[in-house]
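**Student:** Pasting a structure here, questions to come.
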Amino acid sequence: MRLAYHGLRAKDKSFNATLQTDFAPALPPIEAVSQDVGRVLLNLFTNAFYAVQQRKLQQPDGYVPTVSVSTRALRGGGVQVRVRDNGAGIPEAVRQKIFQPFFTTKPTGEGTGLGLSLSYDIIIKGHNGTLQLETK
């Protein structure tokens, strides 16, 4: 999360956000390729910081950009990692396409459209997990 945050701050020194963590004290071990899961998390954090930065540009007064990550153990031995932000949300038309290859909402040159597609493949196909989107 801090890597993604400082990556955005390197491009925009005026950007600040609140980072929150809530990690479960004891999680069961899981089988995972740490580099792949790390890549997914970095992508999710990068998208979250982009979303809060865009909202900050639209609502500068009183809005506090916030990105959080939490973990919890699931019944049956799994682990849930939840990444949240208080950006503007995702419109219904975009939600339908969000995990498709090459789909991006970012301006030309800012996004490849592979991040969430690859993240989906890594978690769903590579790790037999789930990747879900919730938005308000």
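Letters A, B, ... mark the chains of the structure tokens in the order given; residue numbers begin at 1 per chain; ligand numbers begin at 1, in order shown.
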Write out as number ranges by chain the set of residues from chain A that DSSP, computed on the backbone, places in helix (DSSP H, G or I).
**Tutor:** A: 2-11, 34-58, 92-95, 115-127
**Student:** With a cut-off of 12 Å, could you pull out the residues of range 72-120 of chain A touching range 22-37 of chain A and give me the nearest pair of atoms for each, distance in Å to one decimal, using only C-alpha atoms, ordered by chain and ascending number, as CSV?
**Tutor:**
residue,atom,partner,partner_atom,distance
A:Arg72,CA,A:Ala24,CA,5.2
A:Ala73,CA,A:Leu27,CA,5.6
A:Leu74,CA,A:Leu27,CA,9.0
A:Arg75,CA,A:Pro28,CA,10.3
A:Gly76,CA,A:Pro28,CA,9.9
A:Gly77,CA,A:Pro28,CA,6.3
A:Gly78,CA,A:Ile30,CA,7.0
A:Val79,CA,A:Leu27,CA,7.0
A:Gln80,CA,A:Leu27,CA,9.6
A:Val81,CA,A:Phe23,CA,9.0
A:Arg82,CA,A:Asp22,CA,9.6
A:Val83,CA,A:Asp22,CA,10.5
A:Arg84,CA,A:Asp22,CA,11.4
A:Leu118,CA,A:Asp36,CA,9.8
A:Ser119,CA,A:Val37,CA,8.3
A:Tyr120,CA,A:Val37,CA,10.7
**Student:** Could those residues be written to a file, using all heavy atoms, as a compact mmCIF listing (two decimals), in the first residue's frame?
**Tutor:**
# COMPACT_ATOMS: atom_id res chain seq x y z
N ARG A 72 -8.94 -10.87 7.18
CA ARG A 72 -9.66 -11.68 8.16
C ARG A 72 -9.63 -13.13 7.71
O ARG A 72 -9.53 -13.42 6.51
CB ARG A 72 -11.08 -11.19 8.37
CG ARG A 72 -12.03 -11.45 7.24
CD ARG A 72 -13.43 -10.93 7.58
NE ARG A 72 -14.35 -11.24 6.50
CZ ARG A 72 -15.31 -12.15 6.57
NH1 ARG A 72 -15.47 -12.87 7.67
NH2 ARG A 72 -16.10 -12.37 5.56
N ALA A 73 -9.71 -14.01 8.68
CA ALA A 73 -9.77 -15.44 8.39
C ALA A 73 -11.20 -15.80 7.99
O ALA A 73 -12.16 -15.26 8.54
CB ALA A 73 -9.35 -16.23 9.62
N LEU A 74 -11.32 -16.69 7.03
CA LEU A 74 -12.62 -17.18 6.60
C LEU A 74 -12.86 -18.57 7.16
O LEU A 74 -11.92 -19.34 7.38
CB LEU A 74 -12.69 -17.23 5.07
CG LEU A 74 -12.53 -15.90 4.33
CD1 LEU A 74 -12.49 -16.14 2.84
CD2 LEU A 74 -13.67 -14.95 4.68
N ARG A 75 -14.11 -18.89 7.38
CA ARG A 75 -14.44 -20.26 7.80
C ARG A 75 -14.00 -21.20 6.69
O ARG A 75 -14.19 -20.92 5.52
CB ARG A 75 -15.93 -20.39 8.03
CG ARG A 75 -16.39 -19.65 9.25
CD ARG A 75 -17.86 -19.88 9.47
NE ARG A 75 -18.40 -18.67 10.07
CZ ARG A 75 -19.66 -18.44 10.26
NH1 ARG A 75 -20.55 -19.33 9.89
NH2 ARG A 75 -20.06 -17.33 10.82
N GLY A 76 -13.41 -22.30 7.06
CA GLY A 76 -12.95 -23.25 6.06
C GLY A 76 -11.49 -23.07 5.70
O GLY A 76 -10.99 -23.74 4.81
N GLY A 77 -10.82 -22.11 6.33
CA GLY A 77 -9.38 -21.99 6.14
C GLY A 77 -8.90 -20.99 5.13
O GLY A 77 -7.73 -20.95 4.82
N GLY A 78 -9.75 -20.16 4.61
CA GLY A 78 -9.31 -19.15 3.66
C GLY A 78 -8.98 -17.83 4.34
O GLY A 78 -9.15 -17.68 5.55
N VAL A 79 -8.53 -16.90 3.55
CA VAL A 79 -8.21 -15.56 4.03
C VAL A 79 -8.85 -14.55 3.09
O VAL A 79 -8.82 -14.71 1.87
CB VAL A 79 -6.68 -15.34 4.07
CG1 VAL A 79 -6.34 -13.90 4.37
CG2 VAL A 79 -6.03 -16.27 5.08
N GLN A 80 -9.42 -13.51 3.67
CA GLN A 80 -9.97 -12.41 2.88
C GLN A 80 -9.08 -11.19 3.05
O GLN A 80 -8.72 -10.83 4.17
CB GLN A 80 -11.39 -12.06 3.34
CG GLN A 80 -11.99 -10.90 2.55
CD GLN A 80 -13.32 -10.47 3.13
OE1 GLN A 80 -13.38 -9.92 4.22
NE2 GLN A 80 -14.38 -10.76 2.41
N VAL A 81 -8.73 -10.58 1.93
CA VAL A 81 -8.02 -9.31 1.93
C VAL A 81 -8.96 -8.32 1.27
O VAL A 81 -9.41 -8.53 0.14
CB VAL A 81 -6.69 -9.38 1.15
CG1 VAL A 81 -6.01 -8.03 1.13
CG2 VAL A 81 -5.78 -10.46 1.71
N ARG A 82 -9.27 -7.24 1.97
CA ARG A 82 -10.21 -6.25 1.45
C ARG A 82 -9.50 -4.92 1.28
O ARG A 82 -8.91 -4.40 2.23
CB ARG A 82 -11.39 -6.10 2.40
CG ARG A 82 -12.40 -5.07 1.92
CD ARG A 82 -13.61 -5.06 2.79
NE ARG A 82 -14.42 -6.21 2.39
CZ ARG A 82 -15.66 -6.42 2.81
NH1 ARG A 82 -16.22 -5.60 3.66
NH2 ARG A 82 -16.33 -7.46 2.40
N VAL A 83 -9.54 -4.39 0.08
CA VAL A 83 -8.97 -3.08 -0.22
C VAL A 83 -10.16 -2.15 -0.47
O VAL A 83 -11.03 -2.44 -1.28
CB VAL A 83 -8.05 -3.13 -1.47
CG1 VAL A 83 -7.56 -1.73 -1.82
CG2 VAL A 83 -6.89 -4.08 -1.23
N ARG A 84 -10.17 -1.02 0.25
CA ARG A 84 -11.27 -0.07 0.14
C ARG A 84 -10.74 1.33 -0.12
O ARG A 84 -9.64 1.67 0.31
CB ARG A 84 -12.09 -0.05 1.42
CG ARG A 84 -12.69 -1.39 1.78
CD ARG A 84 -13.51 -1.27 3.00
NE ARG A 84 -14.86 -0.90 2.55
CZ ARG A 84 -15.95 -1.09 3.26
NH1 ARG A 84 -15.88 -1.56 4.48
NH2 ARG A 84 -17.12 -0.76 2.79
N LEU A 118 -5.60 -9.01 -15.41
CA LEU A 118 -4.55 -9.91 -14.92
C LEU A 118 -4.76 -10.26 -13.45
O LEU A 118 -4.54 -11.40 -13.04
CB LEU A 118 -3.17 -9.30 -15.12
CG LEU A 118 -2.69 -9.21 -16.56
CD1 LEU A 118 -1.37 -8.46 -16.64
CD2 LEU A 118 -2.56 -10.59 -17.17
N SER A 119 -5.20 -9.29 -12.67
CA SER A 119 -5.48 -9.56 -11.26
C SER A 119 -6.56 -10.62 -11.12
O SER A 119 -6.45 -11.54 -10.31
CB SER A 119 -5.94 -8.28 -10.55
OG SER A 119 -4.90 -7.33 -10.52
N TYR A 120 -7.58 -10.51 -11.94
CA TYR A 120 -8.67 -11.49 -11.94
C TYR A 120 -8.14 -12.88 -12.27
O TYR A 120 -8.43 -13.86 -11.58
CB TYR A 120 -9.74 -11.05 -12.95
CG TYR A 120 -10.98 -11.89 -12.94
CD1 TYR A 120 -12.02 -11.63 -12.06
CD2 TYR A 120 -11.12 -12.96 -13.83
CE1 TYR A 120 -13.17 -12.40 -12.05
CE2 TYR A 120 -12.27 -13.73 -13.82
CZ TYR A 120 -13.29 -13.45 -12.93
OH TYR A 120 -14.43 -14.22 -12.93
**Student:** Tell me which of A:Gln96, A:Ser117, A:Thr105, A:Ser70 sits closest to Leu131 in chain A, counting only C-alpha atoms.
**Tutor:** A:Ser117
**Student:** Can you tell me, as a ChimeraX atom specification, what residues are no more than 8 Å from range 3-9 of chain A when counting only C-alpha atoms, ignoring any on the same chain fewer than 4 positions away?
**Tutor:** /A:13-16,42,45-46,49-50
**Student:** Closest to Lys136 in chain A among A:Lys106, A:Ala10, A:Asp85, A:Ile98, using only C-alpha atoms?
**Tutor:**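 Distance minimum relative to Lys136 in chain A lands on A:Asp85.
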**Student:** Leaving out Ala17 in chain A and any residue of its chain fewer than 5 positions from it, which residues lie within 10 Å of it when counting only C-alpha atoms, given as an MDAnalysis selection string?
**Tutor:** chainID A and resid 5 9 49 52:53 56 64:67
**Student:** Could you save the residues just selected, with N, CA and C atoms, as a PDB file, in the first residue's frame?
**Tutor:**
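Listing of again_39.pdb after writing:
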ATOM      1  N   TYR A   5       1.199   4.293  -2.782  1.00  0.00           N
ATOM      2  CA  TYR A   5       1.000   5.664  -2.317  1.00  0.00           C
ATOM      3  C   TYR A   5       2.182   6.552  -2.702  1.00  0.00           C
ATOM      4  N   ARG A   9       2.580   9.797  -5.163  1.00  0.00           N
ATOM      5  CA  ARG A   9       3.143  11.050  -4.640  1.00  0.00           C
ATOM      6  C   ARG A   9       4.379  11.487  -5.417  1.00  0.00           C
ATOM      7  N   PHE A  49      -5.764   4.505  -5.056  1.00  0.00           N
ATOM      8  CA  PHE A  49      -5.176   5.839  -4.914  1.00  0.00           C
ATOM      9  C   PHE A  49      -5.526   6.733  -6.108  1.00  0.00           C
ATOM     10  N   VAL A  52      -9.155   7.977  -5.459  1.00  0.00           N
ATOM     11  CA  VAL A  52      -9.287   9.042  -4.456  1.00  0.00           C
ATOM     12  C   VAL A  52      -8.626  10.343  -4.936  1.00  0.00           C
ATOM     13  N   GLN A  53      -7.563  10.208  -5.723  1.00  0.00           N
ATOM     14  CA  GLN A  53      -6.937  11.408  -6.279  1.00  0.00           C
ATOM     15  C   GLN A  53      -7.899  12.114  -7.235  1.00  0.00           C
ATOM     16  N   LYS A  56     -10.537  13.872  -5.274  1.00  0.00           N
ATOM     17  CA  LYS A  56      -9.970  15.056  -4.625  1.00  0.00           C
ATOM     18  C   LYS A  56      -9.896  16.225  -5.609  1.00  0.00           C
ATOM     19  N   VAL A  64     -11.437  13.948   2.422  1.00  0.00           N
ATOM     20  CA  VAL A  64     -10.178  13.363   2.876  1.00  0.00           C
ATOM     21  C   VAL A  64      -9.991  12.027   2.141  1.00  0.00           C
ATOM     22  N   PRO A  65      -9.088  11.966   1.152  1.00  0.00           N
ATOM     23  CA  PRO A  65      -8.841  10.715   0.442  1.00  0.00           C
ATOM     24  C   PRO A  65      -8.365   9.634   1.420  1.00  0.00           C
ATOM     25  N   THR A  66      -9.014   8.477   1.373  1.00  0.00           N
ATOM     26  CA  THR A  66      -8.681   7.402   2.299  1.00  0.00           C
ATOM     27  C   THR A  66      -8.652   6.064   1.572  1.00  0.00           C
ATOM     28  N   VAL A  67      -7.582   5.314   1.793  1.00  0.00           N
ATOM     29  CA  VAL A  67      -7.450   3.955   1.260  1.00  0.00           C
ATOM     30  C   VAL A  67      -7.144   3.047   2.440  1.00  0.00           C
TER      31      VAL A  67
END
**Student:** Interatomic distance between CA of Gly62 in chain A and CA of Gln132 in chain A?
**Tutor:**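 If I compute the distance from CA of Gly62 in chain A to CA of Gln132 in chain A, I get 29.5 Å.
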**Student:** Could you write out, as a VMD selection string, all the residues of chain A that DSSP marks as strand (DSSP E)?
**Tutor:** chain A and resid 18 to 22 66 to 73 79 to 85
**Student:** Please, could you write that set of residues out with N, CA, C and O atoms as a JSON list (two decimals), in the first residue's frame?
**Tutor:**
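Produced file selection24.json, reproduced below:
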[["chain", "number", "residue", "atom", "x", "y", "z"],
["A", 18, "THR", "N", -5.09, 9.41, 3.56],
["A", 18, "THR", "CA", -5.04, 8.66, 4.81],
["A", 18, "THR", "C", -4.95, 7.19, 4.45],
["A", 18, "THR", "O", -5.72, 6.70, 3.63],
["A", 19, "LEU", "N", -4.02, 6.49, 5.08],
["A", 19, "LEU", "CA", -3.84, 5.05, 4.88],
["A", 19, "LEU", "C", -4.27, 4.35, 6.16],
["A", 19, "LEU", "O", -3.79, 4.70, 7.24],
["A", 20, "GLN", "N", -5.19, 3.40, 6.04],
["A", 20, "GLN", "CA", -5.67, 2.68, 7.21],
["A", 20, "GLN", "C", -5.43, 1.19, 7.03],
["A", 20, "GLN", "O", -5.61, 0.66, 5.93],
["A", 21, "THR", "N", -5.06, 0.52, 8.12],
["A", 21, "THR", "CA", -4.89, -0.92, 8.09],
["A", 21, "THR", "C", -5.64, -1.55, 9.25],
["A", 21, "THR", "O", -5.76, -0.94, 10.32],
["A", 22, "ASP", "N", -6.16, -2.73, 9.01],
["A", 22, "ASP", "CA", -6.84, -3.50, 10.04],
["A", 22, "ASP", "C", -6.54, -4.98, 9.76],
["A", 22, "ASP", "O", -7.27, -5.63, 9.02],
["A", 66, "THR", "N", -9.01, 8.48, 1.37],
["A", 66, "THR", "CA", -8.68, 7.40, 2.30],
["A", 66, "THR", "C", -8.65, 6.06, 1.57],
["A", 66, "THR", "O", -9.57, 5.74, 0.83],
["A", 67, "VAL", "N", -7.58, 5.31, 1.79],
["A", 67, "VAL", "CA", -7.45, 3.95, 1.26],
["A", 67, "VAL", "C", -7.14, 3.05, 2.44],
["A", 67, "VAL", "O", -6.33, 3.38, 3.30],
["A", 68, "SER", "N", -7.83, 1.91, 2.48],
["A", 68, "SER", "CA", -7.62, 0.99, 3.60],
["A", 68, "SER", "C", -7.47, -0.44, 3.11],
["A", 68, "SER", "O", -7.92, -0.79, 2.01],
["A", 69, "VAL", "N", -6.84, -1.23, 3.94],
["A", 69, "VAL", "CA", -6.70, -2.67, 3.68],
["A", 69, "VAL", "C", -6.97, -3.38, 4.99],
["A", 69, "VAL", "O", -6.56, -2.93, 6.06],
["A", 70, "SER", "N", -7.72, -4.48, 4.89],
["A", 70, "SER", "CA", -8.00, -5.29, 6.07],
["A", 70, "SER", "C", -7.90, -6.76, 5.69],
["A", 70, "SER", "O", -8.03, -7.13, 4.52],
["A", 71, "THR", "N", -7.64, -7.58, 6.69],
["A", 71, "THR", "CA", -7.59, -9.02, 6.48],
["A", 71, "THR", "C", -8.45, -9.70, 7.54],
["A", 71, "THR", "O", -8.64, -9.15, 8.64],
["A", 72, "ARG", "N", -8.94, -10.87, 7.18],
["A", 72, "ARG", "CA", -9.66, -11.68, 8.16],
["A", 72, "ARG", "C", -9.63, -13.13, 7.71],
["A", 72, "ARG", "O", -9.53, -13.42, 6.51],
["A", 73, "ALA", "N", -9.71, -14.01, 8.68],
["A", 73, "ALA", "CA", -9.77, -15.44, 8.39],
["A", 73, "ALA", "C", -11.20, -15.80, 7.99],
["A", 73, "ALA", "O", -12.16, -15.26, 8.54],
["A", 79, "VAL", "N", -8.53, -16.90, 3.55],
["A", 79, "VAL", "CA", -8.21, -15.56, 4.03],
["A", 79, "VAL", "C", -8.85, -14.55, 3.09],
["A", 79, "VAL", "O", -8.82, -14.71, 1.87],
["A", 80, "GLN", "N", -9.42, -13.51, 3.67],
["A", 80, "GLN", "CA", -9.97, -12.41, 2.88],
["A", 80, "GLN", "C", -9.08, -11.19, 3.05],
["A", 80, "GLN", "O", -8.72, -10.83, 4.17],
["A", 81, "VAL", "N", -8.73, -10.58, 1.93],
["A", 81, "VAL", "CA", -8.02, -9.31, 1.93],
["A", 81, "VAL", "C", -8.96, -8.32, 1.27],
["A", 81, "VAL", "O", -9.41, -8.53, 0.14],
["A", 82, "ARG", "N", -9.27, -7.24, 1.97],
["A", 82, "ARG", "CA", -10.21, -6.25, 1.45],
["A", 82, "ARG", "C", -9.50, -4.92, 1.28],
["A", 82, "ARG", "O", -8.91, -4.40, 2.23],
["A", 83, "VAL", "N", -9.54, -4.39, 0.08],
["A", 83, "VAL", "CA", -8.97, -3.08, -0.22],
["A", 83, "VAL", "C", -10.16, -2.15, -0.47],
["A", 83, "VAL", "O", -11.03, -2.44, -1.28],
["A", 84, "ARG", "N", -10.17, -1.02, 0.25],
["A", 84, "ARG", "CA", -11.27, -0.07, 0.14],
["A", 84, "ARG", "C", -10.74, 1.33, -0.12],
["A", 84, "ARG", "O", -9.64, 1.67, 0.31],
["A", 85, "ASP", "N", -11.55, 2.13, -0.77],
["A", 85, "ASP", "CA", -11.24, 3.55, -0.92],
["A", 85, "ASP", "C", -12.53, 4.33, -0.85],
["A", 85, "ASP", "O", -13.61, 3.77, -0.96]]
**Student:** One number please: CA of Asp121 in chain A to CA of Gly38 in chain A, in Å, one decimal.
**Tutor:**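 Between CA of Asp121 in chain A and CA of Gly38 in chain A the gap is 13.8 Å.
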